[in-house]
Amino acid sequence: MDVKEKIVQFFEENFMVNLKDDGIGDDDSFLESGVIDSTGVLELVTFLEENFGIKVEDDEIVPENLDSINNLIRYIQQKTQ
């Protein structure tokens, strides 16, 4: 399973949302789309740390890193290189 598939599966299982069926594209904001809230961001951070073996620093919890599928993919790639 690639990074994008893992991310999509996480959202489907934990937030009961089907990103594709709900019309949420790879660059759409999770927060603005109502997919997650601030508590959801904390769940997302835990998911990233457990599934990708990275440490998400407090100053990295910003929309530029975590607020869309493409932002997440870029962030994970940067942290794992």
# chains A, B, ... in the order shown; residues from 1 in each chain; ligands from 1

call {"tool": "residues_around", "arguments": {"residues": "Glu32 in chain A", "least_positions_apart": "5", "cutoff": "12 Å", "atoms": "only C-alpha atoms", "output": "PyMOL selection string"}}
result
chain A and resi 24+27+37-38+63+67-68

call {"tool": "residues_around", "arguments": {"residues": "Ile76 in chain A", "least_positions_apart": "6", "cutoff": "12 Å", "atoms": "only C-alpha atoms", "output": "list of chain:residue names"}}
result
A:Asp2, A:Val3, A:Lys4, A:Lys6, A:Ile7, A:Val45, A:Phe47, A:Leu48, A:Glu49, A:Asn51, A:Phe52, A:Gly53, A:Ile54, A:Lys55, A:Val56, A:Glu60, A:Asn65, A:Leu66, A:Ile69, A:Asn70

call {"tool": "residues_around", "arguments": {"residues": "Gly23 in chain A", "least_positions_apart": "6", "cutoff": "12 Å", "atoms": "only C-alpha atoms", "output": "PyMOL selection string"}}
result
chain A and resi 17+29-30+33+35

call {"tool": "residues_around", "arguments": {"residues": "Asp21 in chain A", "least_positions_apart": "5", "cutoff": "12 Å", "atoms": "only C-alpha atoms", "output": "list in words"}}
result
Val8, Glu12 and Met16 of chain A

call {"tool": "atom_distance", "arguments": {"atom1": "CA of Glu13 in chain A", "atom2": "CA of Asp59 in chain A"}}
result
26.9 Å

call {"tool": "select_by_dssp", "arguments": {"residues": "chain A", "states": "alpha helix (DSSP H)", "output": "PyMOL selection string"}}
result
chain A and resi 3-15+38-52+63-66+69-80

call {"tool": "closest_residue", "arguments": {"among": "A:Glu5, A:Asn14, A:Gly25, A:Lys79", "to": "Thr39 in chain A", "atoms": "only C-alpha atoms"}}
result
A:Asn14

call {"tool": "atom_distance", "arguments": {"atom1": "CA of Ile61 in chain A", "atom2": "CA of Phe15 in chain A"}}
result
18.9 Å

call {"tool": "closest_residue", "arguments": {"among": "A:Leu72, A:Val62, A:Leu44, A:Met1", "to": "Asp28 in chain A", "atoms": "only C-alpha atoms"}}
result
A:Leu72
